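Asks: Can you read through this structure? Questions will come right after.
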2 protein chains.
Amino acid sequence: MLASKLFVPTLKEEPAEAEVVSHRLLLRAGMIRKVSSGIYTFLPLGLKVLEKVKNIIREELDKTGAQEILLPIVQPADLWRETGRWEVYGDEMFRLKDRHNRNFCLGPTHEEIITSLIKLEIKSYKQLPLLLYQIQNKYRDEKRPRFGIMRGREFIMKDLYSFDASYSGMVKSYELMYNTYVNIFKRCGLKFRAVEADTGAIGGNISHEFTALAEAGETEVVYCQNCDYAASIEKAESFLEKEKGKIEERPLELVSTPGARTINDVSKMLEIPPERFIKTLLYEADGKILAVLVRGDREVNETKLKNTLGCLRLEMVSPMRIKESMQLEAGFLGPVGLEKENIPVYADYEVIYLSGAVCGANKQGYHYCNAVPGRDFTWVKSADLHTVQKGDSCPRCQGILNTTQGIEVGQVFQLGTKYSEALNAIFVDENGKENFFVMGCYGIGVSRTVAAVVEQNHDENGIAWPISVAPYQAVVIAASAKNEKQINTARKIYQDLKEAGWEVVLDDREERAGVKFKDADLIGYPIRITVGNKTIEKGTVDIKIRGSGKEYNISMEAVCSEFSKIINSLEKI
Amino acid sequence: MLASKLFVPTLKEEPAEAEVVSHRLLLRAGMIRKVSSGIYTFLPLGLKVLEKVKNIIREELDKTGAQEILLPIVQPADLWRETGRWEVYGDEMFRLKDRHNRNFCLGPTHEEIITSLIKLEIKSYKQLPLLLYQIQNKYRDEKRPRFGIMRGREFIMKDLYSFDASYSGMVKSYELMYNTYVNIFKRCGLKFRAVEADTGAIGGNISHEFTALAEAGETEVVYCQNCDYAASIEKAESFLEKEKGKIEERPLELVSTPGARTINDVSKMLEIPPERFIKTLLYEADGKILAVLVRGDREVNETKLKNTLGCLRLEMVSPMRIKESMQLEAGFLGPVGLEKENIPVYADYEVIYLSGAVCGANKQGYHYCNAVPGRDFTWVKSADLHTVQKGDSCPRCQGILNTTQGIEVGQVFQLGTKYSEALNAIFVDENGKENFFVMGCYGIGVSRTVAAVVEQNHDENGIAWPISVAPYQAVVIAASAKNEKQINTARKIYQDLKEAGWEVVLDDREERAGVKFKDADLIGYPIRITVGNKTIEKGTVDIKIRGSGKEYNISMEAVCSEFSKIINSLEKI
């Protein structure tokens, strides 16, 4: 391709709208453009990268025997009502009506559609296991679409669904996909970790997120410095140190704590550390009020709380509402006496092992000291309800936990029979008995993967694409656009490489060499081949590797024969 | 691929929902499934065909220097308001709101989006011409979605947009695309005609439809039996025979025609042929009432009428409404005296050359005889307003016109500056002057092309895919699933062909040969290779060509080497 014909509107200025590196560089390198909040156009080079990622995914999935299909984007509401998810998705789902006033949504995911398909088409265990996938647009009306194509409202996903006759079969499919994901993300040139994850709106029991490590990532990953434990912050657990909170029990004591509004305030006033406090928070879950207790130095993990309650909607009760209904500032809330108010109490495991804690007294300006769980207050359920912090102990080996940021590029789920039961999708097993399909589902954010690759592969001058997903493998530049000998030599190399089947751009624009070099760095061609006066004299060309910065000087005649060696060496990185 | 693993749910029964052959066979061959009215899933084989069509399109377009991009499906309403098409599309447009109550649509086409992109990114004539295309879902909330993927509400289109610095440049781009379309549809194995077409909601002046000839088609094509004139029924013109209607003028005469409600009734009663009648119809165009006159043997062409009026909405006034407002049955309407009612009259060219015609007298039970245009009534505009019929004269050569049915698989438009003016998209020309981009747009119904291929390539047993778009090139069948020698031989041939890079299915299912042959015919593999006892004895295999029915018997060892010859011979068809 000739650069003079290529539609790559590079930008010299920093785009004001861009918050993270990948967003900024994909805009500057002329690969994407914004149409509306969270909605983007892929320009030629951006689309080429996207297609390369898609092809890697297809190649790896096809090896497993998975078959590609194409499910619709516009989906009838009725199917979603059958599984109850018409409600679950709330504002995040784009909804629309057709001319006959029938309800539809733009698919945020495709479990309903695929399960209803399989229900009609697969009758026997002989046809199982079955792996079906598609690469298709998905829609989520995010509260805060941002970071370009990292968190869009219209985005491209690969989703695969496995159908097995048994749980053990499903686990096998899950492992197959887990390993395939490792291969896919490796081939895309990503540094990533597979972490235990919450299953969220998709459901099921076991799930892993594939997280590309990057500062710009919105996902917090907890990992052990000692063993290979890793989990998303929503899912991560810590070792429960039962003895840590043990002290001698004393009588409950009401103390005046005027003007102390936070746990820190009261901690300083009473000279008792926050980890000996009980933090009490009110939540409204599907319209019912309840109290949650965590240690004073902890935050409530709302994902864990939602899973414990099994509710659809969860919201913290605002301080204003507490003040109106209880004539109390939120800081003075406590568990003692809540049962009289008919507010059920959910206690974090750590709380119930405290044998003397400070908590609000449900009386403006007062706290209790020496509150003992079980003696001074009760609870309806105890569970793991706190968010793990850096420095906590690993639940597996008691090593020290650390945290890092990452981009969730893929997630795999063991769904079990959640959808097949809801939609009554059954097959006949080898004994003639009817059973629900045992399902798994497996997603890759295709457009997000492109963003993650840029987050991990760039420098101050631009993108440095891994060879596997680069829009073109090389650019050929004549240092002087006016020197005919240089231009002809560059053109010859370009044509030879093209004929040999390589993807090459000839920068034939009437620009200074500096401009061409800058654009080459910004766009991130893995290999730059430069023809200059000096090199022509010597009968050589300069080759520069974008990623490593390494420079070679090789003979003009050898370019074509050496090229595959260079590509091979880049593929090994 | 092994047939035992392939997800191809073929149907023995005729699907009740299917109205046309392609719909029926694509369902029966397990290639598509309906999700909702006009919304379909592509199963593995259906998707393979779709991808082959896409690849043919990509290869041919890339040859022209066109570049592929990907524009969003969800599009902001504001852009559509700027061009006035938010209104034009009416009920056919799927509309939705996001969580902030902002209006969006699902793109029925992409002129607005691409023009607003180019407006920002292209500044100079040096960057022109530019050809950009995408293959993307489109959405039209059809009043009557039907015929499977032939007229869906969610469907796949290739749309290309050309941007030129001048009209002559645009015409060149148009010719380039026209010729490219010819190549694309030829490669897809279609018999088609390029016909002059109306530009409809897309706009512009010149347009051609590429129409695959097929009985099931919804498009009526008019063509000359003598010259190469061809046009869609909406657009087709006939030679105006001015002398045909000439007779001696006589005085206007009121005649009683009680009980005669149609032109045929009156024609019989008065013994005057329908072509000497004037048919008067009332229309409401953007809220205004007007009358249209055509000859008694003609139908009004509403597309021509809409173009003549330049209105957005056009509807015929119902007989009931006429009765209520004029105390008149519609059959007694006529042009004489309509000006007094302030109803503007639009007359078809043929009408104004009648020198003595029968028409309604605007009085229940009465007609006028000998009405002379210009003498007895006037009109605000005369234009070509009638629909051409079989047997009319060709506007170019006066040969006889004929009609046929077809499927519109593509359409190309010379848009000119319609969208660049509306969106103020300008570039600077070589003299430093600002100009509007001169545009063309070019669509191919990708999923509809698949249906058209089936309409043209099938028999009573199933589909007969052209080799270029077949999901697989061949199927290998062992006549007896229990004969190990047969099975091993079949497997060997299958593996040899696969290793040679061919796309082959081995039917390894435990079914009778008859079932396998039936499925092979239904699915439409172009080549069937059968291994039986007799052939093994002779050291040969049977080869049957699905399309032609030809059978060969070739030596087992030669299968692989002969295969490319067979493929070549099929490609030439």
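Lettering and numbering for the structure tokens are positional, with chains as A, B, ... in the shown order, residues counted from 1 in each chain, and ligands counted from 1 in the shown order.
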Report as a Markdown table the residues of chain A within 6 Å of chain B, each with its shortest atom pair and distance in Å (one decimal), using only C-alpha atoms, ordered by chain and increasing residue number.

Replies:
```
| residue | atom | partner | partner_atom | distance |
| --- | --- | --- | --- | --- |
| A:Thr41 | CA | B:Leu71 | CA | 4.6 |
| A:Phe42 | CA | B:Leu70 | CA | 4.9 |
| A:Leu43 | CA | B:Ile69 | CA | 4.9 |
| A:Pro44 | CA | B:Ile69 | CA | 5.0 |
| A:Glu68 | CA | B:Pro44 | CA | 5.6 |
| A:Ile69 | CA | B:Leu43 | CA | 4.9 |
| A:Leu70 | CA | B:Phe42 | CA | 4.9 |
| A:Leu71 | CA | B:Thr41 | CA | 4.6 |
| A:Pro72 | CA | B:Thr41 | CA | 5.9 |
| A:Leu96 | CA | B:Leu96 | CA | 5.3 |
```

Asks: Filtering to C-alpha atoms, could you give me those residues as a compact mmCIF listing (two decimals), in the first residue's frame?

Replies:
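Okay, this is what ended up in again-v9.txt:
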```
# COMPACT_ATOMS: atom_id res chain seq x y z
CA THR A 41 -15.35 4.23 13.95
CA PHE A 42 -12.41 2.02 13.06
CA LEU A 43 -10.31 3.59 10.29
CA PRO A 44 -8.32 1.36 7.88
CA GLU A 68 -18.42 -20.11 14.20
CA ILE A 69 -21.98 -18.85 13.86
CA LEU A 70 -23.59 -15.41 13.82
CA LEU A 71 -26.37 -14.55 16.24
CA PRO A 72 -28.49 -11.41 15.90
CA LEU A 96 -36.10 -0.39 21.71
```

Asks: Find the residues around Ala201 (chain A) up to 9 Å (only C-alpha atoms counted), leave out those fewer than 2 positions away in its own chain, and share them as a VMD selection string.

Replies: chain A and resid 85 88 to 89 199 203

Asks: If chain A is superposed onto chain B by least squares using every Cα atom in order, what is the RMSD, in Å to one decimal?

Replies: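 Across the paired C-alpha atoms, the RMSD reaches 0.1 Å.
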
Asks: Measure the distance from CA of Gln225 (chain A) to CA of His386 (chain A) in Å and round it to one decimal.

Replies: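 Computed distance, CA of Gln225 (chain A) to CA of His386 (chain A), equals 20.6 Å.
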
Asks: From a DSSP calculation on the backbone, collect every residue of region 368-464 of chain A in strand (DSSP E) and output the set as a PyMOL selection string.

Replies: chain A and resi 368-371+381-383+401-416+426-428+434-436+438-445+458-459+462-463

Asks: Write the residues of the selection above to a file with N, CA and C atoms, as a compact mmCIF listing (two decimals), in the first residue's frame.

Replies:
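So the final result, stored in selection15.txt, reads:
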```txt
# COMPACT_ATOMS: atom_id res chain seq x y z
N TYR A 368 -20.74 2.87 71.76
CA TYR A 368 -20.52 1.83 72.78
C TYR A 368 -19.06 1.39 72.70
N CYS A 369 -18.49 1.08 73.89
CA CYS A 369 -17.21 0.39 73.93
C CYS A 369 -17.47 -1.04 74.39
N ASN A 370 -16.53 -1.93 74.09
CA ASN A 370 -16.56 -3.33 74.57
C ASN A 370 -17.76 -4.14 74.06
N ALA A 371 -18.30 -3.77 72.91
CA ALA A 371 -19.41 -4.55 72.35
C ALA A 371 -18.90 -5.94 71.97
N LYS A 381 -26.88 -13.51 59.43
CA LYS A 381 -25.93 -14.29 58.63
C LYS A 381 -24.55 -13.66 58.72
N SER A 382 -23.55 -14.52 58.83
CA SER A 382 -22.18 -14.01 58.72
C SER A 382 -21.59 -14.55 57.42
N ALA A 383 -20.75 -13.73 56.81
CA ALA A 383 -20.20 -14.09 55.50
C ALA A 383 -18.96 -13.26 55.24
N LEU A 401 -0.55 -10.44 50.40
CA LEU A 401 -1.27 -10.09 49.16
C LEU A 401 -0.85 -8.71 48.69
N ASN A 402 -0.77 -8.58 47.38
CA ASN A 402 -0.48 -7.29 46.77
C ASN A 402 -1.58 -6.99 45.74
N THR A 403 -1.64 -5.76 45.25
CA THR A 403 -2.63 -5.42 44.24
C THR A 403 -1.96 -4.77 43.03
N THR A 404 -2.63 -4.90 41.89
CA THR A 404 -2.14 -4.25 40.67
C THR A 404 -3.35 -3.93 39.79
N GLN A 405 -3.13 -3.04 38.80
CA GLN A 405 -4.23 -2.68 37.91
C GLN A 405 -4.17 -3.49 36.63
N GLY A 406 -5.30 -3.77 36.05
CA GLY A 406 -5.30 -4.53 34.81
C GLY A 406 -6.52 -4.22 33.97
N ILE A 407 -6.48 -4.68 32.72
CA ILE A 407 -7.60 -4.52 31.79
C ILE A 407 -8.20 -5.91 31.58
N GLU A 408 -9.48 -6.04 31.85
CA GLU A 408 -10.13 -7.34 31.66
C GLU A 408 -10.33 -7.55 30.16
N VAL A 409 -9.54 -8.44 29.57
CA VAL A 409 -9.67 -8.68 28.13
C VAL A 409 -10.51 -9.93 27.82
N GLY A 410 -10.68 -10.79 28.83
CA GLY A 410 -11.48 -11.98 28.60
C GLY A 410 -12.04 -12.50 29.92
N GLN A 411 -13.12 -13.25 29.84
CA GLN A 411 -13.64 -13.89 31.04
C GLN A 411 -14.30 -15.21 30.65
N VAL A 412 -14.05 -16.22 31.46
CA VAL A 412 -14.64 -17.54 31.20
C VAL A 412 -15.50 -17.93 32.40
N PHE A 413 -16.64 -18.58 32.14
CA PHE A 413 -17.62 -18.88 33.19
C PHE A 413 -18.05 -20.34 33.12
N GLN A 414 -18.14 -20.98 34.26
CA GLN A 414 -18.83 -22.26 34.34
C GLN A 414 -20.27 -21.95 34.71
N LEU A 415 -21.15 -21.97 33.71
CA LEU A 415 -22.53 -21.56 33.96
C LEU A 415 -23.35 -22.67 34.60
N GLY A 416 -22.98 -23.92 34.32
CA GLY A 416 -23.82 -25.02 34.79
C GLY A 416 -25.15 -25.03 34.04
N ILE A 426 -33.30 -29.16 27.13
CA ILE A 426 -32.92 -30.50 27.56
C ILE A 426 -32.47 -31.38 26.40
N PHE A 427 -31.68 -32.38 26.75
CA PHE A 427 -31.27 -33.39 25.78
C PHE A 427 -31.52 -34.75 26.41
N VAL A 428 -31.44 -35.79 25.59
CA VAL A 428 -31.64 -37.15 26.10
C VAL A 428 -30.28 -37.82 26.26
N GLU A 434 -33.96 -37.51 30.32
CA GLU A 434 -33.84 -36.10 29.93
C GLU A 434 -33.00 -35.33 30.94
N ASN A 435 -32.10 -34.51 30.44
CA ASN A 435 -31.22 -33.70 31.29
C ASN A 435 -31.09 -32.30 30.73
N PHE A 436 -30.77 -31.36 31.63
CA PHE A 436 -30.46 -30.01 31.17
C PHE A 436 -29.03 -29.96 30.62
N VAL A 438 -25.38 -28.74 30.25
CA VAL A 438 -24.47 -28.09 31.20
C VAL A 438 -23.57 -27.16 30.39
N MET A 439 -23.67 -25.88 30.71
CA MET A 439 -23.08 -24.87 29.83
C MET A 439 -21.89 -24.13 30.42
N GLY A 440 -21.08 -23.62 29.54
CA GLY A 440 -20.04 -22.66 29.91
C GLY A 440 -20.10 -21.52 28.92
N CYS A 441 -19.61 -20.34 29.32
CA CYS A 441 -19.51 -19.28 28.33
C CYS A 441 -18.21 -18.55 28.50
N TYR A 442 -17.74 -17.99 27.39
CA TYR A 442 -16.35 -17.56 27.29
C TYR A 442 -16.27 -16.34 26.40
N GLY A 443 -15.90 -15.20 26.99
CA GLY A 443 -15.88 -13.96 26.21
C GLY A 443 -14.49 -13.37 26.06
N ILE A 444 -14.28 -12.72 24.93
CA ILE A 444 -13.07 -11.91 24.74
C ILE A 444 -13.51 -10.56 24.21
N GLY A 445 -13.05 -9.51 24.88
CA GLY A 445 -13.31 -8.17 24.37
C GLY A 445 -12.32 -7.90 23.24
N HIS A 458 4.01 0.59 23.80
CA HIS A 458 4.14 1.96 23.28
C HIS A 458 5.33 2.63 23.96
N ASP A 459 5.76 3.75 23.42
CA ASP A 459 6.69 4.63 24.13
C ASP A 459 6.25 6.06 23.87
N GLY A 462 5.00 6.78 20.22
CA GLY A 462 3.82 6.16 19.61
C GLY A 462 3.68 4.69 19.95
N ILE A 463 2.95 4.02 19.08
CA ILE A 463 2.64 2.60 19.32
C ILE A 463 3.80 1.74 18.80
```

Asks: Go through region 336-453 of chain B and collect every residue that DSSP, computed from the backbone, puts in helix (DSSP H, G or I); the answer should be as a list of chain:residue names.

Replies: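 Put together, the selection reads B:Leu338, B:Glu339, B:Lys340, B:Glu341, B:Tyr349, B:Glu350, B:Val351, B:Ile352, B:Lys418, B:Tyr419, B:Ser420, B:Glu421, B:Ala422, B:Val446, B:Ser447, B:Arg448, B:Thr449, B:Val450, B:Ala451, B:Ala452, B:Val453.
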
Asks: What's around Ser564 (chain B) at 12 Å? Count only C-alpha atoms, leave out sequence neighbours fewer than 4 positions away in its own chain, and write the answer as a VMD selection string.

Replies: chain B and resid 467 473 to 474 497 500 to 503 527 558 to 560 568 to 571

Asks: Just write the chosen residues, C-alpha atoms, as a tab-separated table (two decimals), in the first residue's frame.

Replies:
```
chain	number	residue	atom	x	y	z
B	467	ILE	CA	-17.97	-23.57	-6.23
B	473	GLN	CA	-16.01	-27.78	-1.87
B	474	ALA	CA	-16.64	-31.48	-1.46
B	497	LEU	CA	-7.61	-33.44	0.15
B	500	ALA	CA	-3.74	-30.26	-0.02
B	501	GLY	CA	-5.68	-27.26	1.28
B	502	TRP	CA	-9.16	-28.12	0.03
B	503	GLU	CA	-12.30	-27.60	2.09
B	527	ILE	CA	-18.55	-32.24	-5.48
B	558	ALA	CA	-5.71	-39.66	-8.93
B	559	VAL	CA	-8.36	-38.01	-6.72
B	560	CYS	CA	-5.99	-35.46	-5.25
B	568	ASN	CA	-11.17	-25.33	-12.28
B	569	SER	CA	-13.83	-26.70	-14.57
B	570	LEU	CA	-16.48	-25.69	-12.04
B	571	GLU	CA	-15.05	-22.20	-11.69
```

Asks: Please identify all polymer residues within 9 Å of region 352-363 of chain B, counting only C-alpha atoms, omitting same-chain residues fewer than 6 positions from it, and present them as an MDAnalysis selection string.

Replies: chainID B and resid 241:250 252 254:255 263 266:267 272 274:280 295:296 326:338 369:374 382

Asks: Just the residues within 12 Å of Asn179 (chain B), please, counting only C-alpha atoms, with nothing from its chain fewer than 3 positions along; format it as an MDAnalysis selection string.

Replies: chainID B and resid 60:61 63:64 172:176 182:186 194 208 210 412 442

Asks: So that I can check the surroundings of Cys227 (chain A), please list as a list of chain:residue names every protein, DNA and RNA residue that reaches within 12 Å of it, counting only C-alpha atoms and ignoring chain neighbours fewer than 4 positions away.

Replies: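 Close residues of Cys227 (chain A): A:Val222, A:Tyr223, A:Ser393, A:Cys394, A:Pro395, A:Arg396, A:Cys397, A:Gln398, A:Gly399, A:Ile400, A:Leu401, A:Asn402.
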
Asks: Okay, now the selection with C-alpha atoms, as a compact mmCIF listing (two decimals), in the first residue's frame?

Replies:
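The file below, out_21.txt, is the result:
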```
# COMPACT_ATOMS: atom_id res chain seq x y z
CA VAL A 222 -5.19 -9.06 44.03
CA TYR A 223 -2.30 -11.52 43.88
CA SER A 393 -2.81 -12.58 54.16
CA CYS A 394 -3.28 -14.97 51.24
CA PRO A 395 -6.25 -17.35 51.75
CA ARG A 396 -4.17 -20.23 50.35
CA CYS A 397 -0.68 -19.84 51.80
CA GLN A 398 -0.93 -16.89 54.23
CA GLY A 399 1.69 -15.06 52.16
CA ILE A 400 1.31 -11.32 51.69
CA LEU A 401 -1.27 -10.09 49.16
CA ASN A 402 -0.48 -7.29 46.77
```

Asks: As an exercise, work out the distance from CA of Tyr283 (chain B) to CA of Gly200 (chain B) in Å and give it to one decimal place.

Replies: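 Taking CA of Tyr283 (chain B) as the start and CA of Gly200 (chain B) as the end point, the length is 18.8 Å.
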
Asks: Any idea what's packed within 6 Å of region 299-304 of chain B, counting only C-alpha atoms, ignoring anything in its chain fewer than 3 positions away? Could you give it as a compact mmCIF listing (two decimals) with N, CA and C atoms, in the first residue's frame?

Replies:
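This went into out-v2.txt:
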```txt
# COMPACT_ATOMS: atom_id res chain seq x y z
N GLU B 234 -40.09 1.07 -11.10
CA GLU B 234 -40.29 2.43 -10.55
C GLU B 234 -39.74 3.50 -11.48
N ASN B 307 -41.25 11.85 -6.76
CA ASN B 307 -40.13 12.63 -7.29
C ASN B 307 -40.59 13.92 -7.94
N LEU B 385 -45.91 10.07 -15.25
CA LEU B 385 -46.46 9.65 -13.96
C LEU B 385 -47.04 8.24 -14.00
N HIS B 386 -46.92 7.55 -15.15
CA HIS B 386 -47.56 6.23 -15.23
C HIS B 386 -46.52 5.10 -15.14
N THR B 387 -47.02 3.96 -14.74
CA THR B 387 -46.19 2.76 -14.66
C THR B 387 -46.16 2.08 -16.02
```

Asks: Rank A:Tyr552, A:Phe192, A:Phe437, A:Phe239 by their smallest atom-to-atom distance to Val221 (chain A), using only C-alpha atoms, and report the top residue only.

Replies: A:Phe192
